[in-house]
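Below is data22.txt, which holds compact mmCIF, C-alpha atoms and all ligand atoms.
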# COMPACT_ATOMS: atom_id res chain seq x y z
CA MET A 6 173.46 71.53 147.96
CA GLN A 7 171.85 68.30 149.01
CA MET A 8 168.54 70.10 149.60
CA LEU A 9 168.72 71.83 146.27
CA PHE A 10 169.21 68.50 144.56
CA ALA A 11 166.31 66.98 146.39
CA PHE A 12 164.15 69.91 145.36
CA VAL A 13 165.16 69.74 141.71
CA GLU A 14 164.66 66.00 141.68
CA GLY A 15 161.23 66.36 143.19
CA LEU A 16 160.24 68.84 140.51
CA LEU A 17 161.60 66.64 137.79
CA PHE A 18 159.75 63.68 139.11
CA GLN A 19 156.36 65.41 139.15
CA THR A 20 156.55 66.80 135.66
CA VAL A 21 157.84 63.48 134.49
CA LEU A 22 154.92 61.52 135.88
CA ALA A 23 152.46 63.91 134.28
CA MET A 24 153.96 63.33 130.85
CA CYS A 25 154.00 59.56 131.04
CA PRO A 26 151.52 58.32 128.43
CA GLU A 27 149.01 55.54 128.95
CA SER A 28 150.64 52.18 128.53
CA ASP A 29 149.18 50.16 125.69
CA HIS A 30 150.05 46.48 125.52
CA TRP A 31 152.42 46.83 128.45
CA GLY A 32 149.52 46.43 130.81
CA GLY A 33 147.65 43.23 131.17
CA TRP A 34 148.29 40.07 133.01
CA TRP A 35 151.31 38.66 131.26
CA GLY A 36 154.68 38.45 132.90
CA TYR A 37 157.77 36.36 133.44
CA ASP A 38 156.95 34.20 136.42
CA GLY A 39 156.82 30.45 136.15
CA TYR A 40 153.14 30.23 137.01
CA SER A 41 149.87 31.54 135.67
CA SER A 42 151.11 34.52 133.68
CA GLY A 43 154.55 33.35 132.59
CA PRO A 44 155.79 32.69 129.05
CA PRO A 45 154.22 29.20 128.72
CA ARG A 46 150.78 30.77 129.31
CA TRP A 47 151.02 33.78 126.99
CA GLY A 48 149.45 31.79 124.16
CA ASP A 49 146.33 31.14 126.24
CA ASN A 50 145.15 34.64 125.37
CA GLU A 51 143.14 34.42 122.17
CA ASP A 52 145.00 37.37 120.62
CA TRP A 53 148.34 35.78 121.32
CA THR A 54 147.86 32.12 120.33
CA ILE A 55 150.91 32.28 118.09
CA CYS A 56 153.05 32.50 121.26
CA LYS A 57 152.07 28.83 121.69
CA THR A 58 151.53 27.57 118.14
CA GLY A 59 154.14 29.59 116.24
CA LYS A 60 157.14 27.78 114.80
CA HIS A 61 159.27 30.83 114.06
CA GLN A 62 159.46 32.09 117.62
CA SER A 63 162.21 33.99 119.41
CA PRO A 64 164.56 34.00 121.23
CA ILE A 65 166.66 31.02 120.19
CA ASN A 66 169.86 29.38 121.26
CA ILE A 67 172.56 30.05 118.67
CA GLU A 68 174.48 26.91 117.91
CA PRO A 69 177.87 27.85 116.50
CA GLN A 70 178.13 24.54 114.64
CA THR A 71 175.03 25.14 112.57
CA LEU A 72 175.66 28.76 111.53
CA LEU A 73 175.66 29.24 107.77
CA TYR A 74 178.24 31.61 106.37
CA ASP A 75 176.62 33.86 103.78
CA PRO A 76 179.20 35.91 101.84
CA ASN A 77 176.43 38.04 100.34
CA LEU A 78 175.48 39.58 103.67
CA GLN A 79 176.68 43.18 103.61
CA PRO A 80 177.58 45.12 106.73
CA LEU A 81 174.63 46.77 108.40
CA LYS A 82 174.00 50.44 107.69
CA LEU A 83 173.06 52.37 110.77
CA GLU A 84 172.88 56.12 111.10
CA ALA A 85 173.61 56.39 114.76
CA ALA A 86 172.45 59.92 115.45
CA ALA A 87 171.57 61.31 118.86
CA ILE A 88 168.02 60.40 119.84
CA SER A 89 165.44 61.84 122.21
CA GLY A 90 162.51 60.15 123.82
CA LEU A 91 160.91 58.70 126.92
CA PHE A 92 162.68 56.27 129.19
CA ARG A 93 160.16 54.14 131.01
CA ASN A 94 159.89 51.52 133.72
CA ASN A 95 156.94 49.51 132.47
CA LYS A 96 157.41 46.77 135.11
CA LYS A 97 158.21 44.09 132.54
CA ASP A 98 161.34 45.80 131.23
CA LEU A 99 162.90 49.22 130.71
CA THR A 100 161.97 50.83 127.41
CA PHE A 101 163.39 53.89 125.68
CA LEU A 102 160.60 55.05 123.38
CA VAL A 103 162.20 57.12 120.65
CA ASN A 104 160.60 60.42 119.80
CA ARG A 105 158.71 60.20 116.50
CA HIS A 106 159.64 63.73 115.54
CA GLY A 107 163.07 65.04 114.68
CA PHE A 108 165.86 63.01 113.15
CA GLY A 109 165.09 59.37 112.77
CA VAL A 110 167.65 56.62 112.99
CA ASN A 111 167.55 54.51 109.83
CA ILE A 112 168.74 50.94 109.74
CA SER A 113 169.24 49.16 106.43
CA SER A 114 171.43 46.77 104.43
CA GLY A 115 172.86 43.69 106.14
CA PRO A 116 170.11 41.07 105.80
CA LEU A 117 167.47 43.81 105.37
CA SER A 118 165.87 44.54 101.99
CA TYR A 119 163.96 47.54 103.30
CA ARG A 120 164.78 50.61 105.34
CA TYR A 121 163.76 50.49 108.99
CA ARG A 122 163.40 53.23 111.55
CA LEU A 123 164.33 52.85 115.21
CA TYR A 124 161.27 53.28 117.45
CA GLN A 125 162.30 51.82 120.79
CA ILE A 126 165.10 50.25 122.76
CA LYS A 127 164.29 47.55 125.30
CA LEU A 128 166.47 46.32 128.07
CA HIS A 129 166.30 42.71 129.22
CA PHE A 130 168.31 41.64 132.25
CA GLY A 131 168.43 39.27 135.19
CA ARG A 132 169.35 39.23 138.85
CA GLN A 133 171.93 36.48 138.51
CA ASN A 134 175.06 36.64 136.37
CA GLN A 135 174.65 35.45 132.79
CA THR A 136 170.90 34.98 133.00
CA GLY A 137 169.78 38.31 131.59
CA SER A 138 169.94 37.74 127.84
CA GLU A 139 167.11 36.28 125.81
CA HIS A 140 169.28 34.74 123.11
CA THR A 141 171.98 32.38 124.21
CA VAL A 142 175.14 31.24 122.42
CA ASP A 143 175.95 27.56 122.75
CA GLY A 144 173.64 27.43 125.74
CA ARG A 145 175.31 30.34 127.52
CA GLY A 146 173.53 33.50 128.50
CA PHE A 147 174.82 37.01 129.10
CA ASP A 148 174.10 39.58 131.82
CA GLY A 149 171.66 41.46 129.64
CA GLU A 150 170.45 42.08 126.11
CA LEU A 151 169.53 45.34 124.43
CA HIS A 152 166.94 45.30 121.67
CA PHE A 153 167.09 48.16 119.17
CA MET A 154 163.67 47.77 117.57
CA ALA A 155 162.96 49.30 114.17
CA TYR A 156 160.00 49.18 111.82
CA ASN A 157 159.76 49.04 108.04
CA THR A 158 159.12 52.62 106.89
CA GLU A 159 158.95 51.69 103.22
CA LEU A 160 155.85 49.54 103.70
CA TYR A 161 154.17 50.70 106.89
CA ALA A 162 152.90 53.91 108.47
CA ASN A 163 153.90 53.15 112.04
CA TYR A 164 155.24 50.38 114.25
CA THR A 165 151.79 49.28 115.44
CA GLU A 166 150.94 48.33 111.89
CA ALA A 167 154.42 46.96 111.14
CA GLN A 168 154.46 44.67 114.17
CA VAL A 169 151.63 42.61 112.73
CA SER A 170 152.75 42.71 109.10
CA PRO A 171 155.21 40.77 106.92
CA ARG A 172 158.79 42.06 107.14
CA GLY A 173 157.51 44.68 109.54
CA ILE A 174 160.21 44.70 112.19
CA ALA A 175 163.99 44.47 112.45
CA ILE A 176 165.62 44.06 115.84
CA LEU A 177 169.27 44.65 116.48
CA ALA A 178 170.27 42.67 119.54
CA VAL A 179 173.38 43.51 121.53
CA PHE A 180 174.54 41.46 124.48
CA LEU A 181 175.42 43.24 127.69
CA THR A 182 178.25 42.06 129.89
CA THR A 183 180.45 43.51 132.60
CA GLY A 184 183.81 45.14 132.05
CA GLU A 185 186.17 47.20 134.14
CA HIS A 186 184.82 50.65 133.34
CA ASP A 187 181.55 52.51 133.51
CA ASN A 188 179.85 52.78 130.15
CA ALA A 189 179.30 56.50 129.50
CA ALA A 190 176.10 56.14 127.47
CA PHE A 191 174.67 53.69 129.97
CA LYS A 192 175.45 56.24 132.67
CA THR A 193 172.91 58.60 131.13
CA LEU A 194 170.29 55.93 131.74
CA GLN A 195 171.69 54.97 135.12
CA GLU A 196 171.45 58.56 136.35
CA ARG A 197 167.70 58.34 135.76
CA PHE A 198 167.05 55.05 137.47
CA PHE A 199 165.97 56.94 140.60
CA ILE A 200 163.25 58.74 138.62
CA ILE A 201 161.75 55.63 137.10
CA ASP A 202 161.52 53.83 140.42
CA LYS A 203 157.71 53.61 140.36
CA PRO A 204 155.55 51.37 138.22
CA ASP A 205 154.89 52.97 134.83
CA SER A 206 157.03 55.99 135.56
CA CYS A 207 159.05 57.63 132.85
CA THR A 208 161.40 60.47 132.12
CA ASP A 209 162.54 62.49 129.12
CA ILE A 210 165.96 61.98 127.65
CA GLU A 211 167.31 64.48 125.13
CA ASN A 212 170.18 64.01 122.72
CA PHE A 213 171.09 60.55 123.79
CA PRO A 214 174.28 59.42 122.02
CA LEU A 215 173.01 56.23 120.47
CA ALA A 216 176.35 55.18 119.01
CA ASP A 217 177.84 54.91 122.48
CA LEU A 218 175.36 52.21 123.39
CA LEU A 219 176.45 50.10 120.45
CA PRO A 220 179.68 48.17 120.00
CA GLU A 221 182.31 49.99 117.93
CA SER A 222 181.53 47.85 114.95
CA THR A 223 178.19 46.41 113.91
CA ASP A 224 179.64 44.94 110.70
CA HIS A 225 179.49 41.32 111.80
CA PHE A 226 176.34 39.64 112.94
CA ILE A 227 174.14 36.58 113.07
CA THR A 228 170.69 36.78 111.51
CA TYR A 229 167.50 34.74 111.39
CA SER A 230 163.78 35.35 111.07
CA GLY A 231 161.71 35.07 114.20
CA SER A 232 159.22 36.82 116.43
CA LEU A 233 158.74 39.48 119.05
CA THR A 234 159.78 38.03 122.41
CA GLN A 235 156.81 39.55 124.23
CA PRO A 236 153.06 39.11 123.58
CA GLY A 237 151.70 38.86 120.95
CA CYS A 238 154.83 37.09 119.68
CA ARG A 239 154.14 38.06 116.06
CA GLU A 240 156.47 36.38 113.58
CA THR A 241 157.36 39.59 111.79
CA VAL A 242 160.94 40.10 112.99
CA GLN A 243 164.27 39.88 111.23
CA TRP A 244 166.78 39.48 114.04
CA VAL A 245 170.30 40.85 113.71
CA ILE A 246 172.46 39.77 116.61
CA ILE A 247 175.65 41.76 116.76
CA ASN A 248 178.80 39.76 117.17
CA LYS A 249 180.21 41.98 119.91
CA PRO A 250 178.78 42.79 123.34
CA ILE A 251 178.84 46.14 125.06
CA TYR A 252 180.40 46.46 128.50
CA ILE A 253 179.03 48.13 131.60
CA SER A 254 180.61 48.13 135.05
CA GLN A 255 179.51 45.77 137.80
CA GLN A 256 178.15 48.79 139.69
CA GLN A 257 176.03 49.80 136.71
CA LEU A 258 174.67 46.27 136.47
CA ASN A 259 173.91 46.26 140.20
CA ASP A 260 172.05 49.58 139.93
CA LEU A 261 170.03 48.16 137.05
CA ARG A 262 169.14 45.08 139.06
CA ASN A 263 168.04 47.25 141.98
CA ILE A 264 165.41 49.27 140.13
CA PRO A 265 162.20 48.60 142.05
CA TYR A 266 158.87 47.52 140.64
CA GLN A 267 160.21 45.03 138.21
CA GLU A 268 157.44 42.45 138.15
CA TRP A 269 159.64 39.42 137.79
CA MET A 270 161.74 37.27 140.06
CA ASP A 271 164.87 36.17 138.24
CA SER A 272 164.90 37.82 134.84
CA ASN A 273 162.63 39.39 132.25
CA THR A 274 163.63 36.95 129.56
CA ARG A 275 161.55 34.53 127.57
CA PRO A 276 163.11 31.05 127.47
CA VAL A 277 164.66 30.02 124.15
CA MET A 278 162.28 28.57 121.56
CA PRO A 279 162.85 25.68 119.12
CA LEU A 280 164.57 26.55 115.84
CA ASN A 281 162.30 24.30 113.72
CA ASN A 282 164.58 24.05 110.68
CA ARG A 283 165.17 27.76 110.31
CA ASN A 284 168.47 28.97 108.84
CA VAL A 285 170.71 31.02 111.04
CA ARG A 286 173.11 32.95 108.85
CA THR A 287 176.23 34.94 109.59
CA ASN A 288 178.67 37.15 107.70
CA ILE A 289 181.50 36.17 110.00
CA ASN A 290 183.88 34.21 107.83
CA PHE A 291 185.34 31.77 110.28
CA ARG A 292 187.50 30.07 107.72
CA LYS A 293 189.20 33.26 106.69
CA ARG A 294 189.80 34.32 110.24
CA SER A 295 191.12 31.07 111.59
CA ARG A 296 194.51 29.86 110.47
CA LEU A 297 194.56 28.37 107.00
CA CYS A 298 194.97 24.63 106.91
CA SER A 299 193.60 24.35 110.40
CA MET A 300 191.52 21.20 110.59
CA ASP A 301 189.99 22.34 113.80
CA VAL A 302 186.39 22.69 112.63
CA SER A 303 184.94 22.42 116.09
CA LYS A 304 186.41 25.80 116.98
CA LYS A 305 184.19 27.77 114.63
CA TYR A 306 182.51 30.24 116.90
CA GLN A 307 185.38 30.49 119.33
CA VAL A 308 187.25 32.79 116.97
CA ASN A 309 184.94 35.44 118.29
CA ALA A 310 187.06 35.99 121.36
CA GLU A 311 184.93 38.95 122.42
CA LEU A 312 181.92 36.79 123.10
CA TRP A 313 183.99 34.30 125.04
CA ARG A 314 185.84 36.73 127.15
CA ARG A 315 184.68 35.20 130.41
C1 LIG A 401 166.05 58.29 107.14
O1 LIG A 401 165.25 57.98 106.03
C2 LIG A 401 164.26 58.96 105.76
C3 LIG A 401 163.40 58.44 104.63
O2 LIG A 401 162.52 57.50 105.15
C4 LIG A 401 164.93 60.27 105.39
O3 LIG A 401 163.95 61.25 105.14
C5 LIG A 401 165.81 60.70 106.55
O4 LIG A 401 166.52 61.85 106.20
C6 LIG A 401 166.79 59.60 106.92
N1 LIG A 401 167.47 59.97 108.15
C7 LIG A 401 168.74 60.29 108.18
C8 LIG A 401 169.28 60.65 109.52
O5 LIG A 401 169.44 60.28 107.19
C1 LIG A 402 178.59 37.95 139.51
O1 LIG A 402 179.83 38.40 139.01
C2 LIG A 402 180.48 39.35 139.82
C3 LIG A 402 181.71 39.85 139.08
O2 LIG A 402 182.47 38.80 138.57
C4 LIG A 402 180.81 38.73 141.17
O3 LIG A 402 181.41 39.70 142.00
C5 LIG A 402 179.53 38.23 141.79
O4 LIG A 402 179.80 37.56 143.00
C6 LIG A 402 178.77 37.31 140.86
N1 LIG A 402 177.48 37.01 141.44
C7 LIG A 402 177.01 35.77 141.51
C8 LIG A 402 175.65 35.64 142.10
O5 LIG A 402 177.62 34.80 141.12
C1 LIG A 403 149.10 53.35 112.33
O1 LIG A 403 148.79 53.27 110.95
C2 LIG A 403 147.54 52.72 110.68
C3 LIG A 403 147.42 52.51 109.16
O2 LIG A 403 147.77 53.66 108.47
C4 LIG A 403 146.46 53.62 111.26
O3 LIG A 403 145.16 53.08 110.99
C5 LIG A 403 146.68 53.75 112.76
O4 LIG A 403 145.76 54.68 113.30
C6 LIG A 403 148.09 54.20 113.07
N1 LIG A 403 148.30 54.08 114.50
C7 LIG A 403 148.94 54.99 115.20
C8 LIG A 403 149.10 54.72 116.65
O5 LIG A 403 149.35 56.02 114.71
As structure tokens, please, write out the structure in this file.
Amino acid sequence: MQMLFAFVEGLLFQTVLAMCPESDHWGGWWGYDGYSSGPPRWGDNEDWTICKTGKHQSPINIEPQTLLYDPNLQPLKLEAAAISGLFRNNKKDLTFLVNRHGFGVNISSGPLSYRYRLYQIKLHFGRQNQTGSEHTVDGRGFDGELHFMAYNTELYANYTEAQVSPRGIAILAVFLTTGEHDNAAFKTLQERFFIIDKPDSCTDIENFPLADLLPESTDHFITYSGSLTQPGCRETVQWVIINKPIYISQQQLNDLRNIPYQEWMDSNTRPVMPLNNRNVRTNINFRKRSRLCSMDVSKKYQVNAELWRR
């Protein structure tokens, strides 16, 4: 049995490597260390100067006190179908590149005026607890952050074009934290960690149940306009940060942390960037949810018990 497995795995691995496409912008010198190629130096590249000069950069620290409640923000519409694609270890992060053919996953409504189509999912994480998320809430990080990246299909032909164009990209961000149980959808990824254990290796995933990687409800969120968090940091992104995290087990987090050939020391996260007078809006009505007549304004964000579980 053991031998058979080894044989099948070997086969899988070879075909998988053959199908792995050339990496585009994933290559290059940039990374997450604190020295010559780390986030403070990204803007030194002439194509990526906005990483340094941009004033609508991401990620940010979300300050509960300054969130603006916007009653006009509708719940997000997300057709969470099963997706297929390539799951890849590109050394900077893990990316699930969604197949362009077949059923697309459309994202619309919420703060979005256009319809967007999911094209990839990126996984940011860290080796220490609560250092793996890019966005932070009140200065606190989470164990990881999933980015469901979608491009504007009403205006643009593909994500390459959308990434450099106005209102091109929408990113749904979901925080990752540990709970008592294995996450079933995450397990599908976890089972393939051994295949993507080489730099730029990838594997096919068919019929991945997208909904299981999202919190039960995506109705409530925080939204602001910002940038891609990797070079070239284009300021074309409407961020939608879901109010609830998803939970994976400690073992799943450990397995994630142990994937080799991650070219970073502590985490693959860009440090938070200044807000520069941007509005950060939410459709979470704190006043309605907290007890009427409560004068306890400082509690605002704490009503979201889910985010403050630990
Ligand atoms: C997503 O939107 C496109 C139009 O851009 C439509 O053709 C497609 O059927 C929609 N997908 C689903 C799953 O409804
Ligand atoms: C991270 O959290 C887990 C679970 O609470 C704990 O077992 C582990 O010791 C923590 N690791 C560090 C480095 O604090
Ligand atoms: C994306 O769309 C643009 C504009 O239509 C086109 O020039 C470009 O070749 C497309 N790129 C890819 C990778 O399909």
Discussion item. Any residue with an atom at most 7 Å from ligand LIG 401 (chain A) counts, using only C-alpha atoms and all ligand atoms. Which are they? Put them as a count of residues only.
Written reply: 7
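Within 10 Å of Ile112 of chain A, once all atoms listed in the file are used and residues closer than 3 positions along the same chain are dropped, the contacting residues are Leu81, Lys82, Leu83, Glu84, Ala85, Gly109, Gly115, Leu117, Tyr119, Arg120, Tyr121, Arg122, Leu123, Phe153, Met154, Ala155, Tyr156, Asn157, Ala175, Ile176 and Leu177 of chain A.
Here atom CA of Ser222 of chain A and atom CA of Ala190 of chain A stand 16.0 Å from one another.
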Worksheet, complete the sentence: ligand LIG 403 (chain A) proximity check over A:Asn95, A:Thr54, A:Asn212, A:Gln168, using only C-alpha atoms and all ligand atoms: winner is A:Gln168
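The space between atom CA of Tyr40 of chain A and atom CA of Ser230 of chain A spans 28.5 Å.
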Closest atom pairs, residues of chain A within 12 Å of ligand LIG 403 (chain A), all atoms listed in the file, as a Markdown table:
| residue | atom | partner | partner_atom | distance |
| --- | --- | --- | --- | --- |
| A:Asp29 | CA | A:LIG403 | C8 | 10.1 |
| A:Arg105 | CA | A:LIG403 | O5 | 10.4 |
| A:Tyr156 | CA | A:LIG403 | C1 | 11.7 |
| A:Thr158 | CA | A:LIG403 | O1 | 11.1 |
| A:Leu160 | CA | A:LIG403 | O2 | 10.2 |
| A:Tyr161 | CA | A:LIG403 | O1 | 7.2 |
| A:Ala162 | CA | A:LIG403 | O1 | 4.8 |
| A:Asn163 | CA | A:LIG403 | C1 | 4.8 |
| A:Tyr164 | CA | A:LIG403 | C1 | 7.1 |
| A:Thr165 | CA | A:LIG403 | C1 | 5.8 |
| A:Glu166 | CA | A:LIG403 | C1 | 5.4 |
| A:Ala167 | CA | A:LIG403 | C1 | 8.4 |
| A:Gln168 | CA | A:LIG403 | C1 | 10.4 |
| A:Val169 | CA | A:LIG403 | C1 | 11.0 |
| A:Ser170 | CA | A:LIG403 | C3 | 11.2 |
Fill in: 7 Å shell around ligand LIG 402 (chain A) using all atoms listed in the file, listed as an NGL selection string
:A and (133-134 or 255)
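Closest approach to Leu261 of chain A among A:Asp38, A:Glu139, A:Glu68, A:Glu196 is made by A:Glu196 (distances from all atoms listed in the file).
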Contacts of Leu72 of chain A within 10 Å, only C-alpha atoms, excl. fewer than 6 positions in-chain, as an mmCIF file with C-alpha atoms, in the frame of the given file:
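Generated output (part.cif):
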data_model
loop_
_atom_site.group_PDB
_atom_site.id
_atom_site.type_symbol
_atom_site.label_atom_id
_atom_site.label_comp_id
_atom_site.auth_asym_id
_atom_site.auth_seq_id
_atom_site.Cartn_x
_atom_site.Cartn_y
_atom_site.Cartn_z
ATOM 1 C CA ILE A 227 174.140 36.580 113.070
ATOM 2 C CA THR A 228 170.690 36.780 111.510
ATOM 3 C CA ASN A 284 168.470 28.970 108.840
ATOM 4 C CA VAL A 285 170.710 31.020 111.040
ATOM 5 C CA ARG A 286 173.110 32.950 108.850
ATOM 6 C CA THR A 287 176.230 34.940 109.590
ATOM 7 C CA ASN A 288 178.670 37.150 107.700
ATOM 8 C CA ILE A 289 181.500 36.170 110.000
ATOM 9 C CA LYS A 305 184.190 27.770 114.630
ATOM 10 C CA TYR A 306 182.510 30.240 116.900
#
Item to complete: Tell me, as a list in words, which residues lie within 7 Å of Asp209 of chain A, counting all atoms listed in the file; anything in the same chain fewer than 6 positions away does not count.
Response: Gly90, Leu91 and Phe92 of chain A
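Shortest separation to Pro64 of chain A among A:Arg275, A:Arg172, A:Arg197, A:Arg292 occurs at residue A:Arg275, atoms counted being all atoms listed in the file.
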With N, CA, C and O atoms as the target, complete segment 116-134 of chain A and hand it back as a PDB file, keeping the file's coordinate frame.
ATOM      1  N   PRO A 116     171.085  42.013 106.341  1.00  0.00           N
ATOM      2  CA  PRO A 116     170.110  41.070 105.800  1.00  0.00           C
ATOM      3  C   PRO A 116     168.805  41.775 105.397  1.00  0.00           C
ATOM      4  O   PRO A 116     167.864  41.111 104.957  1.00  0.00           O
ATOM      5  N   LEU A 117     168.726  43.099 105.550  1.00  0.00           N
ATOM      6  CA  LEU A 117     167.470  43.810 105.370  1.00  0.00           C
ATOM      7  C   LEU A 117     167.304  44.320 103.941  1.00  0.00           C
ATOM      8  O   LEU A 117     168.206  44.959 103.401  1.00  0.00           O
ATOM      9  N   SER A 118     166.153  44.041 103.341  1.00  0.00           N
ATOM     10  CA  SER A 118     165.870  44.540 101.990  1.00  0.00           C
ATOM     11  C   SER A 118     165.231  45.913 102.031  1.00  0.00           C
ATOM     12  O   SER A 118     165.221  46.624 101.039  1.00  0.00           O
ATOM     13  N   TYR A 119     164.658  46.266 103.166  1.00  0.00           N
ATOM     14  CA  TYR A 119     163.960  47.540 103.300  1.00  0.00           C
ATOM     15  C   TYR A 119     164.689  48.441 104.288  1.00  0.00           C
ATOM     16  O   TYR A 119     165.602  48.003 104.985  1.00  0.00           O
ATOM     17  N   ARG A 120     164.230  49.685 104.359  1.00  0.00           N
ATOM     18  CA  ARG A 120     164.780  50.610 105.340  1.00  0.00           C
ATOM     19  C   ARG A 120     163.875  50.603 106.572  1.00  0.00           C
ATOM     20  O   ARG A 120     162.656  50.645 106.471  1.00  0.00           O
ATOM     21  N   TYR A 121     164.486  50.542 107.723  1.00  0.00           N
ATOM     22  CA  TYR A 121     163.760  50.490 108.990  1.00  0.00           C
ATOM     23  C   TYR A 121     164.106  51.699 109.829  1.00  0.00           C
ATOM     24  O   TYR A 121     165.205  52.241 109.729  1.00  0.00           O
ATOM     25  N   ARG A 122     163.156  52.077 110.687  1.00  0.00           N
ATOM     26  CA  ARG A 122     163.400  53.230 111.550  1.00  0.00           C
ATOM     27  C   ARG A 122     163.297  52.817 113.023  1.00  0.00           C
ATOM     28  O   ARG A 122     162.309  52.196 113.436  1.00  0.00           O
ATOM     29  N   LEU A 123     164.305  53.182 113.791  1.00  0.00           N
ATOM     30  CA  LEU A 123     164.330  52.850 115.210  1.00  0.00           C
ATOM     31  C   LEU A 123     163.150  53.478 115.937  1.00  0.00           C
ATOM     32  O   LEU A 123     162.908  54.669 115.809  1.00  0.00           O
ATOM     33  N   TYR A 124     162.371  52.681 116.684  1.00  0.00           N
ATOM     34  CA  TYR A 124     161.270  53.280 117.450  1.00  0.00           C
ATOM     35  C   TYR A 124     161.378  53.034 118.945  1.00  0.00           C
ATOM     36  O   TYR A 124     160.838  53.795 119.739  1.00  0.00           O
ATOM     37  N   GLN A 125     162.059  51.975 119.353  1.00  0.00           N
ATOM     38  CA  GLN A 125     162.300  51.820 120.790  1.00  0.00           C
ATOM     39  C   GLN A 125     163.496  50.924 121.080  1.00  0.00           C
ATOM     40  O   GLN A 125     163.922  50.142 120.244  1.00  0.00           O
ATOM     41  N   ILE A 126     164.008  51.092 122.294  1.00  0.00           N
ATOM     42  CA  ILE A 126     165.100  50.250 122.760  1.00  0.00           C
ATOM     43  C   ILE A 126     164.620  49.578 124.040  1.00  0.00           C
ATOM     44  O   ILE A 126     164.139  50.251 124.953  1.00  0.00           O
ATOM     45  N   LYS A 127     164.714  48.275 124.104  1.00  0.00           N
ATOM     46  CA  LYS A 127     164.290  47.550 125.300  1.00  0.00           C
ATOM     47  C   LYS A 127     165.472  46.893 125.973  1.00  0.00           C
ATOM     48  O   LYS A 127     166.397  46.418 125.315  1.00  0.00           O
ATOM     49  N   LEU A 128     165.384  46.856 127.279  1.00  0.00           N
ATOM     50  CA  LEU A 128     166.470  46.320 128.070  1.00  0.00           C
ATOM     51  C   LEU A 128     165.989  45.076 128.823  1.00  0.00           C
ATOM     52  O   LEU A 128     165.061  45.154 129.621  1.00  0.00           O
ATOM     53  N   HIS A 129     166.594  43.950 128.500  1.00  0.00           N
ATOM     54  CA  HIS A 129     166.300  42.710 129.220  1.00  0.00           C
ATOM     55  C   HIS A 129     167.480  42.386 130.122  1.00  0.00           C
ATOM     56  O   HIS A 129     168.631  42.525 129.710  1.00  0.00           O
ATOM     57  N   PHE A 130     167.210  41.941 131.321  1.00  0.00           N
ATOM     58  CA  PHE A 130     168.310  41.640 132.250  1.00  0.00           C
ATOM     59  C   PHE A 130     167.830  40.687 133.339  1.00  0.00           C
ATOM     60  O   PHE A 130     166.640  40.360 133.419  1.00  0.00           O
ATOM     61  N   GLY A 131     168.776  40.235 134.143  1.00  0.00           N
ATOM     62  CA  GLY A 131     168.430  39.270 135.190  1.00  0.00           C
ATOM     63  C   GLY A 131     169.150  39.574 136.485  1.00  0.00           C
ATOM     64  O   GLY A 131     170.069  40.394 136.514  1.00  0.00           O
ATOM     65  N   ARG A 132     168.733  38.946 137.556  1.00  0.00           N
ATOM     66  CA  ARG A 132     169.350  39.230 138.850  1.00  0.00           C
ATOM     67  C   ARG A 132     170.622  38.418 139.075  1.00  0.00           C
ATOM     68  O   ARG A 132     171.467  38.789 139.874  1.00  0.00           O
ATOM     69  N   GLN A 133     170.721  37.293 138.390  1.00  0.00           N
ATOM     70  CA  GLN A 133     171.930  36.480 138.510  1.00  0.00           C
ATOM     71  C   GLN A 133     172.837  36.739 137.302  1.00  0.00           C
ATOM     72  O   GLN A 133     172.354  37.120 136.241  1.00  0.00           O
ATOM     73  N   ASN A 134     174.126  36.470 137.483  1.00  0.00           N
ATOM     74  CA  ASN A 134     175.060  36.640 136.370  1.00  0.00           C
ATOM     75  C   ASN A 134     174.673  35.718 135.213  1.00  0.00           C
ATOM     76  O   ASN A 134     174.278  34.573 135.416  1.00  0.00           O
TER      77      ASN A 134
END
